[in-house]
Each structure stands twice: as structure tokens, then as C-alpha cells.
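Quick notes on the structure that follows.
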Amino acid sequence: MAQIKKKKNSSTMVTLLWTLAFFLIWELIAFWVESSASIRSPEKVLPHFWKIVAVAFDGKTINGTDTAIQLVWLNAKVTLIRSAQGFVIGASIGFLLAILMSLSQIIKKIAFPYLMIIQMIPILGMAPILLSFTGDIDSSRIIIAAILTFYPVATNTLAGMEAVEKEKHELMYSYAANKWQLYTKTLIPASIPYFFTGLKVSAPLAITASILVDTLQGGIGLGCLLSQSLKGAMTRYVFWLIVVISAAIGILSYLLMGLLEDAISSHKKAERACKR
Amino acid sequence: MDTANTETEILMSDIGMKFNSGPDEVTALTSVSLDIKKGEFVSLVGPSGCGKTTLLRIIADLLNPTSGTINIGGESTKQARLDGKYGMVFQSPVLYEWRNVVKNIELPLEIMGVPKNERLERAEEMLEMVGLKDFGNSYPGQLSGGMQQRVGIARALVIQPEILLMDEPFSALDEFTRERLHEDLLNIWRRTNKTIVFVTHNISESVFLSDKICVLSPHPGRLSAVVDVDFERPRLMDIKSTPEYTSKVFEVRSSFEGV
Amino acid sequence: MQEVNELNKKQKNMSWQSLSSIIYPAIFGIVVFVMWQGGLLNILLHTDTNTLPSPSRINSIIMDNQAKIFLNLKATVIVALVGLLFGSLIGYGIAIVAAQYRKWGAGGITLASAFNAVPIVALAPVMNNLTKHISSSVDFRSMLAKTLVVMIVCIAGMSVNAYRGLTELKPFSEDLMKTYAAGNFTVFKKLLLPNSIPYVFTALRISLPGSIISALVTEYFSEKVIGIGRQIRENIVTAQFATAWAYIIISCLLGIVLYVLLLLVESVVMKNRNRK
């Protein structure tokens, strides 16, 4: 048991070392960029990572009122809230659709091919037209985040319900369970891990979508700020700060889904504790 | 058993079962007639493809026979199912991995609308009977295969069914665990007095456990012999080394046809 | 007589089952199409025929602009497929190295999978920056920047899946190879490579749509104005909605055609495997 724990710790250590190696390579390239004679403004190519962090906390104001980190956080908040709204709406619709598809053969037959097709087409490429549809950047952010969320959730949840063993159905049948009981006691709980697989795929997508919609129009939002910073309206480090923060948010959103899953499935926790 | 009940629990006459239709038609069972007494331990034994599981599923109302009649204490299999007369145990434990052991056993009671306090009480009683008193809060993933199957048996018994239907319940377990479960199952059976229909392909297992062994032969599935086993109860592991036991095993084996 | 009737009914039922899974979605598709063409969809979505033109108008625009559309299509396809190819190759290479040195490899793969969660929107401008000094040709460097983004997206997907394909082996299959005293290369050729092929296709099914989406999105940020994604955006900015729709339709068709091609290749490859 102690050995397993040791092994787990060492794999976390290895990942940590790799992350360090990643930043080391970043710094090496930045160093090279800085010392290269032909590159006049190195911060436009690749600045040192520590310089980006330093700008975030140096306390100098960017636009007269806010410091870099305040400005980025202000905009990130708007983007995050919108993508979270779209994510929740999309996940709910996806979950409901999965249940409807498992309840009705006709609905399943109609929806399934379109769920397949929607995976093949570049929805994100449609962001601009969606914006012109709604005319409102806030609702576009929500809608496109919802669309990108709903189909991975729908297909994964449906797969989860269909993966329930025949014996569990027979067991419920032998207890003369009704449809409601079949779903609440067996099919829905069994599909939860699959549901979360869907959420893990779509959480970063929802954030990407929201940022992308931002870049299409002025206003407030991480993407808007990204466009402004690229146009040279403020120091280049704001751009880098946005890149770092949006990458971090994307990764964190994925990790958050994993934590959420662990939190609601107590059996996994217990089993892990037992193995340790 | 000296107190043997002579009342018929399961009455099957001329049961036939065909799957598919047209050119793909498969005859799974032909004219099986059998009666199983209340409180009897009956095994359905045979090689794969003999229709033993099909017959069990017909009793369980999971399948409707294409011909013949079956009744459970005078009523239809459907009525018996709705009345909660069946407890099912499968080859795999079919536990709900997100529920702990007590909650797994409570599941059928939840579906039948039994109040919470009574559920817990009955589940704990069953846990004690299968020897897992201290494991109520464990999750299935933390238990060994044999313990998981015990939970499956407890779950089947918690609804106080009249008939326990077991489909090769011990075939995935190792020999040592299986032998322990054999003895435990016989103890549980003696205490609860259920009718047990036990499907297996293991002849020795069926001889050790049963009052009556129904030998099924394949192509097409049919009942080729009914062998009575009248060893004294309670049975202990020792009887396996007696010549009577060996000859009973031989008797069952020699009654297969066309294998 | 009655039995024969029963039988006919059953057979009819069987073919209806498979037929209905084509008919139902087809009816749904036709209804939506007719509603779109007839203008009913515009009423439902509260849009004018300008932002959502009818299919026939979109079609005529596609027909009129074939040469221009083809030029942009080519640019997008090259970026998507070259990025997919190199990204997948590199990803597979990383997986091989990681599978060879598992103690270090697993952590590296975790890091690679983190890139899956990094928003493309953040990657695109970074790559534009990095390539700025590589070539003086705008054509070449914007192509390179776009391809690099697609590559990164594909590297992440392929390395994670291929690593699983190279490490999740049937029990004892590696031991069997050892009893033959097989060398590393032989083990790879006879066991690891064939074992990883289904996983490679899993990765491709995710990466292919991903590569098209990344190509479209990076085009928004690239120096040179070319590609389907860029055209969607440019035409919307200039309020040429019908033309934008033409490009959207083309991008959807591109996604579907490439995905179907991938499925065909997969079925051929897998069939041969089964025959062996």
C-alpha cells in the first residue's frame, strides 16, 4: 500500500518535472530571442516567462486606472461567466437530449445522425455569423458555448446509458420497477462517469468559444482585450498575460470537472482511500 | 428433508422456445415438463447451448415460451414477478458500483417503496446472514469476487422472495471460494426455506447442492433426465469423498445425450 | 396461414427498423430545408433574409464564385491536413519515446494532454509572433504559423491516444515476445504497432475535425487574408452575409467529406486486420 502511494507521488513528481522542463525550454528560447541581433522587439516574439509574471504584479497602471492583472482579470471574469452560463445550458440540454434519445427510438433515430454530423463540422467557424444573428455579443458567447457543450455531453451520456449491462435491466425488470425508477436508480447514475467525460471535453471548448466570440467585436472580454493588445494599444505583456491566463483557465476548467466528478461519486473516493 | 413440502411451486408443461423466425430459426427448448416443489433445491445442469439459462429466464418472466404453459403457485410468471416472488442472482454480481453494500441490498426495497428504517433493518439482517456484517459501508470495488457475490445473494433475499433463481452464480469464482459459498448457501437455504432453481454446468456442484438435478441436453435443448439426490442434510464437504457421491456424479454425467 | 402472416409481419418489421433510421432523419432534414428555403426559418429565428439567405441563394453564390472559393478552400485544406499529418506523426513519435521510458513518459503525456485544454485563440497569435522572423515571405510564414497551431492541437490528441495504444496491451503478450527473445524493434513491429492502430484512429477522429476548426480559427489572426475561416469573417465584417454563408456551407462540407474519407480508410484498415 505504501508502495502504491509512493508510486503515485513519484508520477506527480515526474509531471511536475516535465512542467518545469517546459518552462525551462521557454526561457531558453526567450533568451535566444533576446540575444538575437535581427529581432528588434523580443517581447513580440517570445518574452521571458518571469517577465510576464512580473508585469502582472508590478502595480503599474496600463490604461490609467487598472494594473495589467486587474485589467486582464476584469475581462476574464466576463468571458468566464458567459462561457460558464453557456456551458451549464449546453450540458443540461445535452443531458436531457440523451435521456430523450434513450427513451424514444424515434427521437434517437432522428437526432443521432445529426449529432454525428455536428461533430464533423467546424462549429467554431460559425461564430461570426452567430454574432450577426443575435447582434449581441453576450448572448452569442452563451449560445456558441452551449452548442459546443451540448453534443459531447449528449453523445457521451447516451453511450453511458447504453453501456448499462443487460443484467441490470433484468434486475430492475424482475423488481417490476417502473420507467422512472429505472432511470433514477440505474441508468442515470450509471451514465455519470460518461457524462463527466463529455463535460471534460467541452469545458475547455466552451472557454475557447467565448474568447473567440470576444475577438469578433469590441467591448469587454478576454478576447476583446487580446485583439486590442495585438493592435499595440497597450504593452505587449498584456497580450502574453492573456495567453498565459487563458491557457491556465482552459486547463483548470478541465481539472475542475475531474474534481467535481470525484466530489459527487463517493465510491471512487472510498476505493482510492482503500488502495492507499 | 423430512419436513419436505409436497406442494408444487413451479409447474411447467410442454415448454418450447424458439428464437428468430424464418431461415434463422433456432430451437432452444423442446417440450420440457417439470414440477418443482416448494422449498426444493433444483439444479438445471447441462453444457452450453442446452437451454438451461433459457429455462431459468422463462421462469423469471424474462422470456415468454413459444409453446407450453408455466405457472407459479397457480398464477402466471408475470403475476409472480409483480408480486415480488423472485430473487435473481446472476453469474456476475451485477452490483451498483456507486452504492455501498447496504445501499445495494436496499435497492429492491427502495423500488418496492419500503420505508427507510425498515429498509436498513432488513438490509443489515441480510448482511449478517451472508457473513458481511462489517462491510456495510464498503463499496463493491473494495470487495473480493466472492464477497461481491454474497452481496448479490443478500440483495436477492432481502425482498423475501419465494423463489431464488441463480444463473451460474459461482462459475467465476475460484474453487476455494466456491466451496465456502456452497456451504453458506445451503445454510441460508435451510434457514429461509426458499425454493431454489440453480443453473450450472458443474456436475459436482449440482450433486452437492441439490435435491433434484434436471439434466438438459443440447441440439435441441431438452430435458433428458431428472436425477434425485437424497444425501442427508445438512451436507458437509466430507460427502464429496464418499463412493455414493462419486457414483451420483457419474450417474448425472452418463445421462447426457448427444454431447 | 396465420403463422405465415406473422412471419411476414416480423420480416417487414426488421427491414422497417433499419429503413426508419434513414427515413426519420431524412424527413427531419427535408422539413428543415424546406422551412429554410420557404423563409419560415427566418421567422422562427427572427432574422431577415439578409443574415440568413435561402439555400438557393447560397448555392448560386457558390456557383458564381467557384474559382475564388477553391483558392481559399485549398489554403485551408493544406493547413489542416499538413498540420494533421505532422502533428500526428510527432505525437506518435512522442508516444513511442514515452512508452519506451514509461517512468518519465507518463508525466510527459500528462503535460501533452494539457495542451488539449489550451484555447486555440491563445495559440494562434503566439505562433504568428514566433514565425515573424523566420521568413520574409508573408505567404510562407502565415502558412507556417497556421500549420504550427494545427500541429500542436494534433500532437496532443495523438500522443495521448497512441501512448495508450502502445502501453495497454493484452496481458502476457509482452511476456510472450520476451520468450521469443524478440528485439525492441521486432516487439514494436509485431506487437506495439498493430496494437496501437485502433487508438490511432480514435485520435484521428478527434484530431481531424479539430484540425479543420484550428485552421479556420487561426486564419482569423493570420497576416495573410486567405482561407475559408478568414473569408467567413471578412464577409461578415463587410455585411456580405450570403457569401459568408457560402463559405460556412463549404467548411461544413469539407468537414463531412474528410471525416467520411477517414471512416472509409479506417474500415479498410480494420477489415484487413480482422482478416489476418
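So you can find residues: chains in the C-alpha cells are A, B, ... in the order shown, residues in each start at 1, and ligands are numbered from 1 in order.
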Original post:
For chain A against chain C, which residues fall within 8 Å using only C-alpha atoms, given as a ChimeraX atom specification?
Top reply: /A:11-12,14-16,18-19,39,44-46,106,109-111,113-114,117,119-126,128-129,132-133,204-205,207-208,211-212,242-243,246-248,250-251,254
**OP:** Considering only C-alpha atoms, return as a PyMOL selection string whatever protein or nucleic-acid residues lie within 10 Å of region 49-60 of chain A, sequence-local ones (same chain, fewer than 6 positions apart) excluded.
**Re:** chain A and resi 23-24+26-27+30+43+66-72+235-242+244
Original post:
Residues at most 6 Å from Val32 (chain B), counting only C-alpha atoms, excluding those fewer than 4 positions away in the same chain, as an MDAnalysis selection string?
Top reply: chainID B and resid 14:15 223
Original post:
If you count only C-alpha atoms, which residues fall within 10 Å of Lys170 (chain C), apart from same-chain ones fewer than 4 positions away, as a ChimeraX atom specification?
Top reply: /C:174,191,195
Pull out every residue of chain A sitting within 12 Å of chain B, counting only C-alpha atoms, and send them as a PDB file with N, CA and C atoms, in the first residue's frame.
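Below is the file part-v3.pdb, written as the result:
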ATOM      1  N   VAL A 164     -25.024   0.215 -19.943  1.00  0.00           N
ATOM      2  CA  VAL A 164     -25.504  -0.494 -18.747  1.00  0.00           C
ATOM      3  C   VAL A 164     -25.769  -1.958 -19.105  1.00  0.00           C
ATOM      4  N   GLU A 165     -25.223  -2.869 -18.288  1.00  0.00           N
ATOM      5  CA  GLU A 165     -25.329  -4.284 -18.614  1.00  0.00           C
ATOM      6  C   GLU A 165     -26.783  -4.744 -18.684  1.00  0.00           C
ATOM      7  N   LYS A 166     -26.976  -5.752 -19.522  1.00  0.00           N
ATOM      8  CA  LYS A 166     -28.296  -6.356 -19.690  1.00  0.00           C
ATOM      9  C   LYS A 166     -28.834  -6.822 -18.340  1.00  0.00           C
ATOM     10  N   GLU A 167     -27.944  -7.354 -17.496  1.00  0.00           N
ATOM     11  CA  GLU A 167     -28.382  -7.903 -16.209  1.00  0.00           C
ATOM     12  C   GLU A 167     -29.005  -6.844 -15.311  1.00  0.00           C
ATOM     13  N   LYS A 168     -28.493  -5.604 -15.389  1.00  0.00           N
ATOM     14  CA  LYS A 168     -29.078  -4.563 -14.535  1.00  0.00           C
ATOM     15  C   LYS A 168     -30.502  -4.259 -14.995  1.00  0.00           C
ATOM     16  N   HIS A 169     -30.704  -4.281 -16.314  1.00  0.00           N
ATOM     17  CA  HIS A 169     -32.064  -4.103 -16.818  1.00  0.00           C
ATOM     18  C   HIS A 169     -32.957  -5.236 -16.337  1.00  0.00           C
ATOM     19  N   GLU A 170     -32.426  -6.453 -16.386  1.00  0.00           N
ATOM     20  CA  GLU A 170     -33.224  -7.616 -15.981  1.00  0.00           C
ATOM     21  C   GLU A 170     -33.547  -7.567 -14.494  1.00  0.00           C
ATOM     22  N   LEU A 171     -32.574  -7.094 -13.731  1.00  0.00           N
ATOM     23  CA  LEU A 171     -32.782  -6.960 -12.291  1.00  0.00           C
ATOM     24  C   LEU A 171     -33.933  -5.994 -12.027  1.00  0.00           C
ATOM     25  N   MET A 172     -33.897  -4.850 -12.675  1.00  0.00           N
ATOM     26  CA  MET A 172     -34.948  -3.851 -12.478  1.00  0.00           C
ATOM     27  C   MET A 172     -36.292  -4.415 -12.943  1.00  0.00           C
ATOM     28  N   TYR A 173     -36.253  -5.166 -14.043  1.00  0.00           N
ATOM     29  CA  TYR A 173     -37.478  -5.782 -14.556  1.00  0.00           C
ATOM     30  C   TYR A 173     -38.027  -6.776 -13.548  1.00  0.00           C
ATOM     31  N   SER A 174     -37.131  -7.553 -12.941  1.00  0.00           N
ATOM     32  CA  SER A 174     -37.605  -8.571 -12.001  1.00  0.00           C
ATOM     33  C   SER A 174     -38.181  -7.922 -10.740  1.00  0.00           C
ATOM     34  N   TYR A 175     -37.776  -6.682 -10.418  1.00  0.00           N
ATOM     35  CA  TYR A 175     -38.384  -5.980  -9.293  1.00  0.00           C
ATOM     36  C   TYR A 175     -39.637  -5.229  -9.719  1.00  0.00           C
ATOM     37  N   ALA A 176     -40.018  -5.394 -10.989  1.00  0.00           N
ATOM     38  CA  ALA A 176     -41.171  -4.668 -11.535  1.00  0.00           C
ATOM     39  C   ALA A 176     -40.996  -3.159 -11.365  1.00  0.00           C
ATOM     40  N   ALA A 177     -39.771  -2.669 -11.588  1.00  0.00           N
ATOM     41  CA  ALA A 177     -39.512  -1.230 -11.467  1.00  0.00           C
ATOM     42  C   ALA A 177     -40.158  -0.487 -12.627  1.00  0.00           C
ATOM     43  N   ASN A 178     -40.662   0.713 -12.351  1.00  0.00           N
ATOM     44  CA  ASN A 178     -41.230   1.485 -13.454  1.00  0.00           C
ATOM     45  C   ASN A 178     -40.128   2.287 -14.147  1.00  0.00           C
ATOM     46  N   LYS A 179     -40.506   2.968 -15.247  1.00  0.00           N
ATOM     47  CA  LYS A 179     -39.531   3.719 -16.058  1.00  0.00           C
ATOM     48  C   LYS A 179     -38.764   4.730 -15.216  1.00  0.00           C
ATOM     49  N   TRP A 180     -39.495   5.454 -14.381  1.00  0.00           N
ATOM     50  CA  TRP A 180     -38.892   6.489 -13.534  1.00  0.00           C
ATOM     51  C   TRP A 180     -37.807   5.891 -12.648  1.00  0.00           C
ATOM     52  N   GLN A 181     -38.148   4.751 -12.024  1.00  0.00           N
ATOM     53  CA  GLN A 181     -37.182   4.092 -11.141  1.00  0.00           C
ATOM     54  C   GLN A 181     -35.998   3.562 -11.934  1.00  0.00           C
ATOM     55  N   LEU A 182     -36.286   3.023 -13.129  1.00  0.00           N
ATOM     56  CA  LEU A 182     -35.201   2.506 -13.971  1.00  0.00           C
ATOM     57  C   LEU A 182     -34.187   3.610 -14.257  1.00  0.00           C
ATOM     58  N   TYR A 183     -34.709   4.802 -14.551  1.00  0.00           N
ATOM     59  CA  TYR A 183     -33.802   5.905 -14.880  1.00  0.00           C
ATOM     60  C   TYR A 183     -33.104   6.466 -13.659  1.00  0.00           C
ATOM     61  N   THR A 184     -33.878   6.733 -12.591  1.00  0.00           N
ATOM     62  CA  THR A 184     -33.254   7.395 -11.446  1.00  0.00           C
ATOM     63  C   THR A 184     -32.336   6.458 -10.668  1.00  0.00           C
ATOM     64  N   LYS A 185     -32.671   5.173 -10.634  1.00  0.00           N
ATOM     65  CA  LYS A 185     -31.871   4.262  -9.821  1.00  0.00           C
ATOM     66  C   LYS A 185     -30.732   3.629 -10.620  1.00  0.00           C
ATOM     67  N   THR A 186     -30.930   3.429 -11.895  1.00  0.00           N
ATOM     68  CA  THR A 186     -29.933   2.674 -12.653  1.00  0.00           C
ATOM     69  C   THR A 186     -29.283   3.479 -13.781  1.00  0.00           C
ATOM     70  N   LEU A 187     -30.080   3.896 -14.764  1.00  0.00           N
ATOM     71  CA  LEU A 187     -29.468   4.430 -15.984  1.00  0.00           C
ATOM     72  C   LEU A 187     -28.740   5.746 -15.752  1.00  0.00           C
ATOM     73  N   ILE A 188     -29.371   6.671 -15.039  1.00  0.00           N
ATOM     74  CA  ILE A 188     -28.726   7.976 -14.857  1.00  0.00           C
ATOM     75  C   ILE A 188     -27.475   7.869 -13.981  1.00  0.00           C
ATOM     76  N   PRO A 189     -27.544   7.212 -12.815  1.00  0.00           N
ATOM     77  CA  PRO A 189     -26.296   7.083 -12.042  1.00  0.00           C
ATOM     78  C   PRO A 189     -25.192   6.362 -12.818  1.00  0.00           C
ATOM     79  N   ALA A 190     -25.572   5.370 -13.616  1.00  0.00           N
ATOM     80  CA  ALA A 190     -24.556   4.632 -14.368  1.00  0.00           C
ATOM     81  C   ALA A 190     -23.919   5.497 -15.439  1.00  0.00           C
ATOM     82  N   SER A 191     -24.640   6.499 -15.922  1.00  0.00           N
ATOM     83  CA  SER A 191     -24.092   7.303 -17.015  1.00  0.00           C
ATOM     84  C   SER A 191     -23.255   8.472 -16.512  1.00  0.00           C
ATOM     85  N   ILE A 192     -23.202   8.664 -15.205  1.00  0.00           N
ATOM     86  CA  ILE A 192     -22.500   9.833 -14.659  1.00  0.00           C
ATOM     87  C   ILE A 192     -21.016   9.917 -15.088  1.00  0.00           C
ATOM     88  N   PRO A 193     -20.249   8.809 -15.007  1.00  0.00           N
ATOM     89  CA  PRO A 193     -18.854   8.929 -15.454  1.00  0.00           C
ATOM     90  C   PRO A 193     -18.748   9.346 -16.925  1.00  0.00           C
ATOM     91  N   ASP A 262     -15.161  13.619  -8.819  1.00  0.00           N
ATOM     92  CA  ASP A 262     -14.727  12.931  -7.599  1.00  0.00           C
ATOM     93  C   ASP A 262     -15.616  13.303  -6.423  1.00  0.00           C
ATOM     94  N   ILE A 264     -18.787  14.126  -6.358  1.00  0.00           N
ATOM     95  CA  ILE A 264     -20.140  13.548  -6.308  1.00  0.00           C
ATOM     96  C   ILE A 264     -20.123  12.022  -6.356  1.00  0.00           C
ATOM     97  N   SER A 265     -19.010  11.417  -6.755  1.00  0.00           N
ATOM     98  CA  SER A 265     -19.014   9.951  -6.741  1.00  0.00           C
ATOM     99  C   SER A 265     -18.191   9.461  -5.555  1.00  0.00           C
ATOM    100  N   SER A 266     -18.890   9.240  -4.447  1.00  0.00           N
ATOM    101  CA  SER A 266     -18.213   8.912  -3.199  1.00  0.00           C
ATOM    102  C   SER A 266     -17.514   7.554  -3.280  1.00  0.00           C
ATOM    103  N   HIS A 267     -18.023   6.666  -4.163  1.00  0.00           N
ATOM    104  CA  HIS A 267     -17.406   5.339  -4.212  1.00  0.00           C
ATOM    105  C   HIS A 267     -15.971   5.397  -4.704  1.00  0.00           C
ATOM    106  N   LYS A 268     -15.691   6.358  -5.620  1.00  0.00           N
ATOM    107  CA  LYS A 268     -14.327   6.457  -6.128  1.00  0.00           C
ATOM    108  C   LYS A 268     -13.371   6.870  -5.019  1.00  0.00           C
ATOM    109  N   LYS A 269     -13.852   7.813  -4.208  1.00  0.00           N
ATOM    110  CA  LYS A 269     -13.032   8.299  -3.110  1.00  0.00           C
ATOM    111  C   LYS A 269     -12.701   7.139  -2.165  1.00  0.00           C
ATOM    112  N   ALA A 270     -13.755   6.399  -1.819  1.00  0.00           N
ATOM    113  CA  ALA A 270     -13.584   5.294  -0.875  1.00  0.00           C
ATOM    114  C   ALA A 270     -12.625   4.257  -1.434  1.00  0.00           C
ATOM    115  N   GLU A 271     -12.793   3.960  -2.739  1.00  0.00           N
ATOM    116  CA  GLU A 271     -11.931   2.954  -3.337  1.00  0.00           C
ATOM    117  C   GLU A 271     -10.483   3.416  -3.376  1.00  0.00           C
ATOM    118  N   ARG A 272     -10.295   4.707  -3.634  1.00  0.00           N
ATOM    119  CA  ARG A 272      -8.939   5.218  -3.683  1.00  0.00           C
ATOM    120  C   ARG A 272      -8.296   5.183  -2.291  1.00  0.00           C
ATOM    121  N   ALA A 273      -9.098   5.570  -1.316  1.00  0.00           N
ATOM    122  CA  ALA A 273      -8.595   5.571   0.057  1.00  0.00           C
ATOM    123  C   ALA A 273      -8.181   4.159   0.465  1.00  0.00           C
ATOM    124  N   CYS A 274      -8.942   3.183   0.001  1.00  0.00           N
ATOM    125  CA  CYS A 274      -8.664   1.788   0.334  1.00  0.00           C
ATOM    126  C   CYS A 274      -7.360   1.335  -0.287  1.00  0.00           C
ATOM    127  N   LYS A 275      -7.096   1.815  -1.514  1.00  0.00           N
ATOM    128  CA  LYS A 275      -5.875   1.386  -2.186  1.00  0.00           C
ATOM    129  C   LYS A 275      -4.638   1.999  -1.555  1.00  0.00           C
ATOM    130  N   ARG A 276      -4.800   3.165  -0.937  1.00  0.00           N
ATOM    131  CA  ARG A 276      -3.635   3.861  -0.376  1.00  0.00           C
ATOM    132  C   ARG A 276      -3.083   3.231   0.863  1.00  0.00           C
TER     133      ARG A 276
END
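If we count only C-alpha atoms, these residues of chain B sit within 12 Å of chain C: B:Asn20, B:Ser21, B:Gly22, B:Pro23, B:Asp24, B:Glu25.
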Subject >> Residue contacts of region 63-66 of chain B (8 Å, only C-alpha atoms) excluding same-chain residues fewer than 5 positions away, as a VMD selection string >> reply: chain B and resid 15 to 18 54 57 to 58
Please produce a file of the residues just selected, as a compact mmCIF listing (two decimals), in the first residue's frame, where the atoms kept are N, CA and C atoms.
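Once everything was written out, this is selection39.txt:
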# COMPACT_ATOMS: atom_id res chain seq x y z
N ILE B 15 -43.02 -27.08 -22.27
CA ILE B 15 -42.45 -25.77 -22.63
C ILE B 15 -41.55 -25.92 -23.86
N GLY B 16 -41.78 -25.04 -24.83
CA GLY B 16 -40.92 -24.99 -26.00
C GLY B 16 -40.51 -23.56 -26.26
N MET B 17 -39.29 -23.36 -26.78
CA MET B 17 -38.82 -22.00 -27.02
C MET B 17 -38.06 -21.95 -28.33
N LYS B 18 -38.51 -21.05 -29.21
CA LYS B 18 -37.81 -20.86 -30.47
C LYS B 18 -37.39 -19.41 -30.58
N THR B 54 -32.06 -20.37 -20.68
CA THR B 54 -33.34 -20.02 -21.29
C THR B 54 -34.50 -20.45 -20.39
N ARG B 57 -34.77 -18.21 -17.48
CA ARG B 57 -35.33 -16.90 -17.86
C ARG B 57 -36.82 -16.99 -18.14
N ILE B 58 -37.28 -18.17 -18.58
CA ILE B 58 -38.72 -18.35 -18.76
C ILE B 58 -39.41 -18.32 -17.40
**OP:** Would you return as a ChimeraX atom specification the members of region 62-221 of chain C that DSSP assigns to alpha helix (DSSP H) on this structure's backbone?
**Re:** /C:62-64,66-100,102-115,120-131,138-167,173-179,184-187,193-221
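Residue nearest Glu75 (chain B) within the list B:Glu9, B:Glu162, B:Asp174, B:Glu257: B:Glu9 [criterion: smallest interatomic distance, only C-alpha atoms].
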